[in-house]
Amino acid sequence: MATESTAPTLASRTGAEEPTLRRALGTRHLTMIAIGGSIGTGLFVASGATVSQAGPGGALAAYLLIGAMVYFLMTSLGELAACMPVSGSFATYGALYVDEGFGFALGWNYWYNWAVTIAVELAAAQLVMQYWFPGTPAMLWSALFLGLMFLLNAISVRGFGEAEFWFALVKVVTVIAFVVVGVLMIFGILRGDRPAGFGNLTLGDAPFVGGLPAMIGVAMIAGFSFQGTELIGVAAGESANPAKNIPRAVRQVFWRILLFYVLAIGVIGVLIPYTDPNLIKTDLHAIGVSPFTLVFRHAGLAFAASVMNAVILTAVLSAGNSGMYASTRMLFNLAKDGRAPRCFARLTRAGVPLNALLATTAVGALCFLTSLSESQGVYLWLLNLSGMTGFVAWLGIAVSHYRFRKGMMAQGLDLSLLPYRSPFFPYGPLFAFGLCLVVTLGQNYAAFTGGRIDWIGVFSTYIGLVLFVAVWWGYRLARGSRFVAYRDMHFPALLRPAPGHGLAPADSGQERGAA
């Protein structure tokens with residue numbers, strides 16, 4: 001069900017024809033896009049570190065807590081995206097229901113985050129390929145994979161959707177196989193070189209290790225691991241039937257991701273002692289001792305390292321592919337709404353914003369080149385700048401949904417007209433906002449302890465958050481934007497009461513203002 005927003009855009013002000021994207025993504029594409037964006041090297045390589053840091057019980061509890069937060073965020077985003085399926089997603093919602101400067105900063109920060117992510121994945125792809133081809137020039141692989149990501153996004157949105165579907169499917173099958181093998185080993189059905197049972201859960205300080213500080217640290221890692229689920233909102237603008245497909249994908253994707261993460265962390269915690277030194281290794285140089293590889297090896301599968309290397313390569317390509325798609329669509333929508341140069345809003349006959357794609361590819365390539373310099377200071381600063389952006393986007397979703405629903409109520413609009421209605425309002429977005437804020441601000445709480453503040457550590461960790469606020473308030477000062485009053489909010493036509501329904505005075509004012 002296509003929807004129409006009454007918010008004024010640059011095109012509507014100038015009389016130009018609105019560019020249109022192709023609605024070619026089905027439910028299976030949307031579901032796998034969200035899964036593909038959030039199941040990656042964080043699970044396959046770094047997940048063991050969470051068990052090592054907080055113990056099996058602490059890691060599991062942290063993932064359950066962050067998983068609940070993500071669920072509330074996904075229901076909030078599902079309500080907004082099903083009602084207003086636009087490629088700008090939460091940047092558009094932030095501009096309409098919070099403040100135009102808020103949406104401006106949200107959109108540019110999100111674009112930048114995923115553009116830098118492309119560079120991160122290109123660097124990771126080099127490390128993965130060196131496992132098989134140690135003598136091949138690393139730049140060759142990066143150029144090859146960058147070209148592949150570009151082609152997958154340049155052909156058509158369906159080409160991107162199909163590629164992401166199969167990339168994500170490989171990861172899903174791997175996690176399922178891992179969980180099945182692990183459960184069989186735990187109950188002694190599959191006899192590996194590890195004793196069956198739950199003895200590791202009572203080893204030493206297990207199941208909870210390190211107390212509350214360790215759990216906070218693991219919660220931050222879990223938060224980063226779940227980032228990417230919001231891609232479903234960006235892809236909503238190209239969904240074939242958003243009113244039907246987005247709610248269905250929202251209901252499916254969270255439970256699948258939580259199931260994969262919780263069961264995978266549980267298997268790792270039961271089968272591998274939290275004191276195992278291999279769990280501390282979190283980089284791609286340590287593919288051979290990935291917790292997934294370790295469990296498969298303990299099960300007697302000698303080829304585990306090579307298989308996991310191929311899976312991790314798939315995860316890297318999937319993340320880069322998703323990053324290129326998300327940043328391109330965000331830049332396109334910013335341009336369409338007059339918040340970026342107009343040239344980025346041009347579409348090819350296949351409905352692809354090629355100029356936005358070229359710009360994103362160029363930025364990703366330039367960021368990657370900074371990682372090759374002798375001094376990687378610029379690259380590290382770029383990474384620090386982007387580190388907060390996923391959490392900022394989540395905060396933006398929670399705030400936008402809360403104000404969207406409050407605006408509907410203030411104008412007397414019928415909530416039953418929503419294609420999908422979040423079942424936990426207002427507690428869901430409030431809980432998600434509060435917990436996300438705690439995780440965001442606590443990412444480097446250690447810098448404030450010890451009797452002396454580590455200002456360099458504070459600045460490098462929180463620079464992304466500072467930049468977001470600076471861009472937001474800079475826009476407010478330059479353009480004079482203000483928080484949008486509830487009675488002045490614009491809503492899609494499908495939420496307007498039918499003739500004769502009866503409007504409150506605030507509604508009448510809204511109708512006159514939107515006309």
# chains A, B, ... in the order shown; residues from 1 in each chain; ligands from 1
$ select_by_dssp --residues "stretch 13-181 of chain A" --states "alpha helix (DSSP H)" --output "ChimeraX atom specification"
/A:13-14,27-38,41-44,47-83,90-97,100-132,138-155,157-181
$ write_last_selection --atoms "C-alpha atoms" --output "short mmCIF file (atom, residue, chain, number, x, y, z; two decimals), in the first residue's frame"
data_model
loop_
_atom_site.label_atom_id
_atom_site.label_comp_id
_atom_site.auth_asym_id
_atom_site.auth_seq_id
_atom_site.Cartn_x
_atom_site.Cartn_y
_atom_site.Cartn_z
CA ARG A 13 7.94 23.42 -3.54
CA THR A 14 9.47 23.80 -6.98
CA THR A 27 9.08 -10.05 2.66
CA ARG A 28 11.90 -12.57 2.24
CA HIS A 29 14.20 -9.80 1.02
CA LEU A 30 13.31 -7.46 3.90
CA THR A 31 13.74 -10.22 6.47
CA MET A 32 17.11 -11.30 5.14
CA ILE A 33 18.31 -7.70 4.74
CA ALA A 34 17.80 -7.14 8.45
CA ILE A 35 19.35 -10.50 9.35
CA GLY A 36 22.27 -9.95 6.97
CA GLY A 37 23.01 -6.57 8.51
CA SER A 38 23.18 -7.86 12.06
CA THR A 41 31.89 -10.96 12.27
CA GLY A 42 30.68 -9.73 15.67
CA LEU A 43 28.97 -13.10 16.14
CA PHE A 44 31.37 -15.35 14.23
CA SER A 47 31.29 -13.42 20.40
CA GLY A 48 33.70 -15.55 22.45
CA ALA A 49 35.07 -12.40 24.08
CA THR A 50 31.66 -11.67 25.63
CA VAL A 51 31.64 -15.07 27.34
CA SER A 52 35.24 -14.58 28.47
CA GLN A 53 34.48 -11.13 29.88
CA ALA A 54 31.16 -11.71 31.68
CA GLY A 55 30.92 -15.49 31.87
CA PRO A 56 28.26 -17.59 30.10
CA GLY A 57 25.42 -16.31 32.30
CA GLY A 58 26.44 -12.65 32.11
CA ALA A 59 26.83 -12.76 28.33
CA LEU A 60 23.46 -14.46 27.88
CA ALA A 61 21.70 -11.97 30.17
CA ALA A 62 23.23 -9.00 28.35
CA TYR A 63 22.13 -10.30 24.94
CA LEU A 64 18.61 -10.95 26.23
CA LEU A 65 18.37 -7.41 27.62
CA ILE A 66 19.69 -5.72 24.48
CA GLY A 67 17.53 -8.06 22.40
CA ALA A 68 14.42 -6.83 24.24
CA MET A 69 15.47 -3.24 23.57
CA VAL A 70 15.94 -3.97 19.87
CA TYR A 71 12.52 -5.63 19.76
CA PHE A 72 10.83 -2.47 21.05
CA LEU A 73 12.81 -0.38 18.56
CA MET A 74 11.79 -2.67 15.71
CA THR A 75 8.10 -2.42 16.60
CA SER A 76 8.44 1.38 16.70
CA LEU A 77 10.20 1.44 13.35
CA GLY A 78 7.68 -1.04 11.92
CA GLU A 79 4.78 1.27 12.80
CA LEU A 80 6.47 4.26 11.18
CA ALA A 81 7.76 2.43 8.10
CA ALA A 82 4.50 0.61 7.33
CA CYS A 83 2.69 3.94 7.50
CA PHE A 90 14.17 7.60 10.44
CA ALA A 91 15.84 10.73 9.01
CA THR A 92 12.50 11.64 7.44
CA TYR A 93 10.58 10.70 10.57
CA GLY A 94 12.95 12.76 12.71
CA ALA A 95 12.44 15.82 10.49
CA LEU A 96 8.64 15.45 10.47
CA TYR A 97 8.00 14.63 14.11
CA GLU A 100 13.98 19.36 10.81
CA GLY A 101 17.55 19.84 12.06
CA PHE A 102 17.29 16.57 13.99
CA GLY A 103 16.33 14.69 10.83
CA PHE A 104 19.10 16.46 8.87
CA ALA A 105 21.77 15.40 11.39
CA LEU A 106 20.34 11.88 11.68
CA GLY A 107 20.43 11.35 7.92
CA TRP A 108 23.94 12.65 7.33
CA ASN A 109 25.38 10.77 10.30
CA TYR A 110 23.77 7.53 9.16
CA TRP A 111 25.03 7.98 5.60
CA TYR A 112 28.53 8.64 6.87
CA ASN A 113 28.45 5.63 9.21
CA TRP A 114 27.65 3.14 6.47
CA ALA A 115 30.05 4.76 4.00
CA VAL A 116 32.87 4.21 6.50
CA THR A 117 31.56 0.68 7.12
CA ILE A 118 32.34 -0.11 3.48
CA ALA A 119 35.99 0.75 4.17
CA VAL A 120 36.01 -1.41 7.30
CA GLU A 121 34.64 -4.40 5.38
CA LEU A 122 37.16 -3.94 2.55
CA ALA A 123 39.98 -4.08 5.10
CA ALA A 124 38.42 -7.17 6.67
CA ALA A 125 38.08 -8.86 3.26
CA GLN A 126 41.84 -8.53 2.76
CA LEU A 127 42.55 -10.38 5.99
CA VAL A 128 40.10 -13.14 5.10
CA MET A 129 41.57 -13.69 1.64
CA GLN A 130 45.13 -13.75 3.01
CA TYR A 131 44.11 -16.91 4.88
CA TRP A 132 43.89 -18.70 1.51
CA ALA A 138 45.84 -7.26 -0.72
CA MET A 139 44.71 -4.29 -2.83
CA LEU A 140 43.58 -6.66 -5.57
CA TRP A 141 40.94 -8.23 -3.33
CA SER A 142 39.69 -4.90 -2.03
CA ALA A 143 39.29 -3.53 -5.56
CA LEU A 144 37.52 -6.72 -6.66
CA PHE A 145 35.07 -6.72 -3.76
CA LEU A 146 34.38 -2.98 -4.03
CA GLY A 147 33.55 -3.47 -7.71
CA LEU A 148 31.27 -6.42 -6.87
CA MET A 149 29.38 -4.41 -4.23
CA PHE A 150 28.99 -1.52 -6.66
CA LEU A 151 27.60 -3.75 -9.43
CA LEU A 152 25.14 -5.49 -7.11
CA ASN A 153 23.74 -2.09 -6.13
CA ALA A 154 23.93 -0.48 -9.59
CA ILE A 155 21.99 -3.12 -11.53
CA VAL A 157 17.24 -2.95 -6.21
CA ARG A 158 16.11 -6.50 -6.89
CA GLY A 159 19.71 -7.45 -7.69
CA PHE A 160 20.77 -6.10 -4.31
CA GLY A 161 17.86 -7.85 -2.59
CA GLU A 162 18.63 -11.22 -4.15
CA ALA A 163 22.34 -10.98 -3.35
CA GLU A 164 21.61 -10.05 0.24
CA PHE A 165 19.09 -12.88 0.51
CA TRP A 166 21.68 -15.49 -0.44
CA PHE A 167 24.50 -13.89 1.58
CA ALA A 168 22.28 -13.91 4.66
CA LEU A 169 21.05 -17.45 3.98
CA VAL A 170 24.63 -18.79 4.15
CA LYS A 171 25.05 -17.16 7.58
CA VAL A 172 21.70 -18.41 8.84
CA VAL A 173 22.45 -22.01 7.78
CA THR A 174 25.87 -21.79 9.46
CA VAL A 175 24.40 -20.60 12.76
CA ILE A 176 21.70 -23.28 12.68
CA ALA A 177 24.31 -25.99 11.97
CA PHE A 178 26.46 -24.62 14.80
CA VAL A 179 23.57 -24.67 17.27
CA VAL A 180 22.49 -28.19 16.24
CA VAL A 181 26.04 -29.57 16.54
#
$ closest_residue --among "A:Leu395, A:Val86, A:Leu190, A:Ala446" --to "A:Ile216" --atoms "only C-alpha atoms"
A:Ala446
$ closest_residue --among "A:Phe431, A:Ala222, A:Leu258, A:Pro213" --to "A:Asn444" --atoms "only C-alpha atoms"
A:Pro213
$ closest_residue --among "A:Thr314, A:Ser87, A:Ser416, A:Ser400" --to "A:Phe483" --atoms "only C-alpha atoms"
A:Ser400
$ atom_distance --atom1 "atom CA of A:Leu418" --atom2 "atom CA of A:Leu494"
8.1 Å
$ closest_residue --among "A:Leu430, A:Leu347, A:Met308, A:Leu385" --to "A:His401" --atoms "only C-alpha atoms"
A:Leu430
$ closest_residue --among "A:Thr275, A:Arg339, A:Ala243, A:Arg251" --to "A:Asp205" --atoms "only C-alpha atoms"
A:Thr275
$ atom_distance --atom1 "atom CA of A:Met388" --atom2 "atom CA of A:Phe468"
9.3 Å
$ residues_around --residues "A:Thr293" --least-positions-apart "3" --cutoff "12 Å" --atoms "only C-alpha atoms" --output "ChimeraX atom specification"
/A:43-45,47-48,174-175,178,181-182,268,272,278-279,286-290,296-312
$ write_last_selection --atoms "N, CA and C atoms" --output "short mmCIF file (atom, residue, chain, number, x, y, z; two decimals), in the first residue's frame"
data_model
loop_
_atom_site.label_atom_id
_atom_site.label_comp_id
_atom_site.auth_asym_id
_atom_site.auth_seq_id
_atom_site.Cartn_x
_atom_site.Cartn_y
_atom_site.Cartn_z
N LEU A 43 29.42 -11.81 15.61
CA LEU A 43 28.97 -13.10 16.14
C LEU A 43 30.00 -14.19 15.86
N PHE A 44 30.50 -14.25 14.63
CA PHE A 44 31.37 -15.35 14.23
C PHE A 44 32.76 -15.28 14.83
N VAL A 45 33.27 -14.08 15.09
CA VAL A 45 34.65 -13.94 15.57
C VAL A 45 34.71 -13.44 17.01
N SER A 47 32.27 -13.02 19.39
CA SER A 47 31.29 -13.42 20.40
C SER A 47 31.93 -14.13 21.58
N GLY A 48 33.03 -14.85 21.35
CA GLY A 48 33.70 -15.55 22.45
C GLY A 48 34.20 -14.60 23.51
N THR A 174 24.69 -21.53 8.63
CA THR A 174 25.87 -21.79 9.46
C THR A 174 25.52 -21.74 10.95
N VAL A 175 24.77 -20.72 11.34
CA VAL A 175 24.40 -20.60 12.76
C VAL A 175 23.52 -21.76 13.19
N PHE A 178 25.66 -24.77 13.59
CA PHE A 178 26.46 -24.62 14.80
C PHE A 178 25.64 -24.96 16.04
N VAL A 181 24.86 -28.80 16.14
CA VAL A 181 26.04 -29.57 16.54
C VAL A 181 26.34 -29.35 18.03
N GLY A 182 26.23 -28.10 18.47
CA GLY A 182 26.51 -27.79 19.87
C GLY A 182 25.55 -28.48 20.82
N ILE A 268 28.27 -21.63 23.06
CA ILE A 268 29.68 -21.27 23.31
C ILE A 268 29.97 -21.34 24.81
N ILE A 272 32.64 -24.23 25.84
CA ILE A 272 34.00 -23.71 25.95
C ILE A 272 34.13 -22.97 27.28
N ASN A 278 41.62 -18.66 23.98
CA ASN A 278 41.23 -18.41 22.59
C ASN A 278 39.99 -17.51 22.49
N LEU A 279 39.18 -17.47 23.55
CA LEU A 279 37.97 -16.65 23.49
C LEU A 279 38.29 -15.16 23.50
N ALA A 286 42.41 -14.11 13.78
CA ALA A 286 42.20 -15.26 14.65
C ALA A 286 41.04 -16.14 14.17
N ILE A 287 40.83 -16.19 12.85
CA ILE A 287 39.74 -17.00 12.31
C ILE A 287 39.85 -18.45 12.78
N GLY A 288 41.10 -18.95 12.83
CA GLY A 288 41.29 -20.34 13.22
C GLY A 288 40.84 -20.66 14.63
N VAL A 289 40.71 -19.62 15.49
CA VAL A 289 40.26 -19.85 16.85
C VAL A 289 38.95 -19.09 17.12
N SER A 290 38.19 -18.83 16.09
CA SER A 290 36.83 -18.33 16.28
C SER A 290 36.06 -19.33 17.13
N PHE A 296 33.26 -26.54 16.23
CA PHE A 296 33.25 -27.51 15.12
C PHE A 296 34.45 -28.45 15.21
N ARG A 297 35.59 -27.91 15.60
CA ARG A 297 36.79 -28.76 15.74
C ARG A 297 36.61 -29.75 16.87
N HIS A 298 36.06 -29.31 18.00
CA HIS A 298 35.82 -30.22 19.12
C HIS A 298 34.85 -31.32 18.73
N ALA A 299 33.99 -31.03 17.73
CA ALA A 299 33.05 -32.05 17.25
C ALA A 299 33.70 -33.02 16.28
N GLY A 300 34.98 -32.78 15.94
CA GLY A 300 35.70 -33.68 15.04
C GLY A 300 35.66 -33.27 13.59
N LEU A 301 35.25 -32.02 13.31
CA LEU A 301 35.19 -31.53 11.92
C LEU A 301 36.49 -30.80 11.62
N ALA A 302 37.45 -31.50 10.99
CA ALA A 302 38.79 -30.95 10.79
C ALA A 302 38.81 -29.77 9.82
N PHE A 303 37.82 -29.70 8.94
CA PHE A 303 37.81 -28.64 7.92
C PHE A 303 37.11 -27.37 8.42
N ALA A 304 36.87 -27.30 9.72
CA ALA A 304 36.06 -26.20 10.26
C ALA A 304 36.65 -24.84 9.94
N ALA A 305 37.96 -24.67 10.04
CA ALA A 305 38.57 -23.35 9.85
C ALA A 305 38.33 -22.83 8.43
N SER A 306 38.48 -23.72 7.44
CA SER A 306 38.27 -23.29 6.05
C SER A 306 36.81 -22.94 5.79
N VAL A 307 35.90 -23.74 6.34
CA VAL A 307 34.48 -23.46 6.17
C VAL A 307 34.12 -22.13 6.82
N MET A 308 34.59 -21.91 8.05
CA MET A 308 34.27 -20.65 8.73
C MET A 308 34.91 -19.47 8.03
N ASN A 309 36.06 -19.67 7.41
CA ASN A 309 36.68 -18.59 6.65
C ASN A 309 35.78 -18.16 5.50
N ALA A 310 35.19 -19.15 4.81
CA ALA A 310 34.27 -18.84 3.72
C ALA A 310 33.02 -18.14 4.23
N VAL A 311 32.51 -18.58 5.37
CA VAL A 311 31.32 -17.96 5.95
C VAL A 311 31.62 -16.52 6.37
N ILE A 312 32.78 -16.31 6.97
CA ILE A 312 33.15 -14.96 7.41
C ILE A 312 33.33 -14.05 6.20
#
$ atom_distance --atom1 "atom CA of A:Ala319" --atom2 "atom CA of A:Asp276"
28.9 Å
$ decode --residues "stretch 83-97 of chain A" --atoms "N, CA and C atoms" --output "PDB file, in the first residue's frame"
ATOM      1  N   CYS A  83       3.548   2.788   7.765  1.00  0.00           N
ATOM      2  CA  CYS A  83       2.690   3.944   7.504  1.00  0.00           C
ATOM      3  C   CYS A  83       3.312   4.879   6.478  1.00  0.00           C
ATOM      4  N   MET A  84       4.629   5.071   6.560  1.00  0.00           N
ATOM      5  CA  MET A  84       5.354   5.972   5.654  1.00  0.00           C
ATOM      6  C   MET A  84       6.586   5.257   5.109  1.00  0.00           C
ATOM      7  N   PRO A  85       6.446   4.434   4.085  1.00  0.00           N
ATOM      8  CA  PRO A  85       7.592   3.691   3.544  1.00  0.00           C
ATOM      9  C   PRO A  85       8.450   4.565   2.637  1.00  0.00           C
ATOM     10  N   VAL A  86       9.424   5.241   3.212  1.00  0.00           N
ATOM     11  CA  VAL A  86      10.323   6.100   2.446  1.00  0.00           C
ATOM     12  C   VAL A  86      11.746   5.630   2.643  1.00  0.00           C
ATOM     13  N   SER A  87      12.606   5.870   1.649  1.00  0.00           N
ATOM     14  CA  SER A  87      13.980   5.371   1.722  1.00  0.00           C
ATOM     15  C   SER A  87      14.802   6.104   2.769  1.00  0.00           C
ATOM     16  N   GLY A  88      14.362   7.300   3.170  1.00  0.00           N
ATOM     17  CA  GLY A  88      15.096   8.042   4.190  1.00  0.00           C
ATOM     18  C   GLY A  88      14.792   7.569   5.586  1.00  0.00           C
ATOM     19  N   SER A  89      13.705   6.836   5.742  1.00  0.00           N
ATOM     20  CA  SER A  89      13.331   6.217   7.005  1.00  0.00           C
ATOM     21  C   SER A  89      13.411   7.190   8.168  1.00  0.00           C
ATOM     22  N   PHE A  90      14.201   6.842   9.197  1.00  0.00           N
ATOM     23  CA  PHE A  90      14.170   7.598  10.437  1.00  0.00           C
ATOM     24  C   PHE A  90      14.679   9.028  10.282  1.00  0.00           C
ATOM     25  N   ALA A  91      15.461   9.339   9.240  1.00  0.00           N
ATOM     26  CA  ALA A  91      15.840  10.734   9.007  1.00  0.00           C
ATOM     27  C   ALA A  91      14.612  11.549   8.634  1.00  0.00           C
ATOM     28  N   THR A  92      13.741  10.970   7.806  1.00  0.00           N
ATOM     29  CA  THR A  92      12.498  11.638   7.436  1.00  0.00           C
ATOM     30  C   THR A  92      11.570  11.751   8.631  1.00  0.00           C
ATOM     31  N   TYR A  93      11.458  10.676   9.401  1.00  0.00           N
ATOM     32  CA  TYR A  93      10.576  10.703  10.568  1.00  0.00           C
ATOM     33  C   TYR A  93      11.076  11.725  11.603  1.00  0.00           C
ATOM     34  N   GLY A  94      12.393  11.794  11.774  1.00  0.00           N
ATOM     35  CA  GLY A  94      12.949  12.763  12.712  1.00  0.00           C
ATOM     36  C   GLY A  94      12.664  14.197  12.295  1.00  0.00           C
ATOM     37  N   ALA A  95      12.717  14.472  10.987  1.00  0.00           N
ATOM     38  CA  ALA A  95      12.441  15.820  10.491  1.00  0.00           C
ATOM     39  C   ALA A  95      10.966  16.179  10.641  1.00  0.00           C
ATOM     40  N   LEU A  96      10.079  15.197  10.431  1.00  0.00           N
ATOM     41  CA  LEU A  96       8.636  15.453  10.470  1.00  0.00           C
ATOM     42  C   LEU A  96       8.093  15.554  11.889  1.00  0.00           C
ATOM     43  N   TYR A  97       8.646  14.763  12.809  1.00  0.00           N
ATOM     44  CA  TYR A  97       8.001  14.633  14.111  1.00  0.00           C
ATOM     45  C   TYR A  97       8.874  15.069  15.298  1.00  0.00           C
TER      46      TYR A  97
END
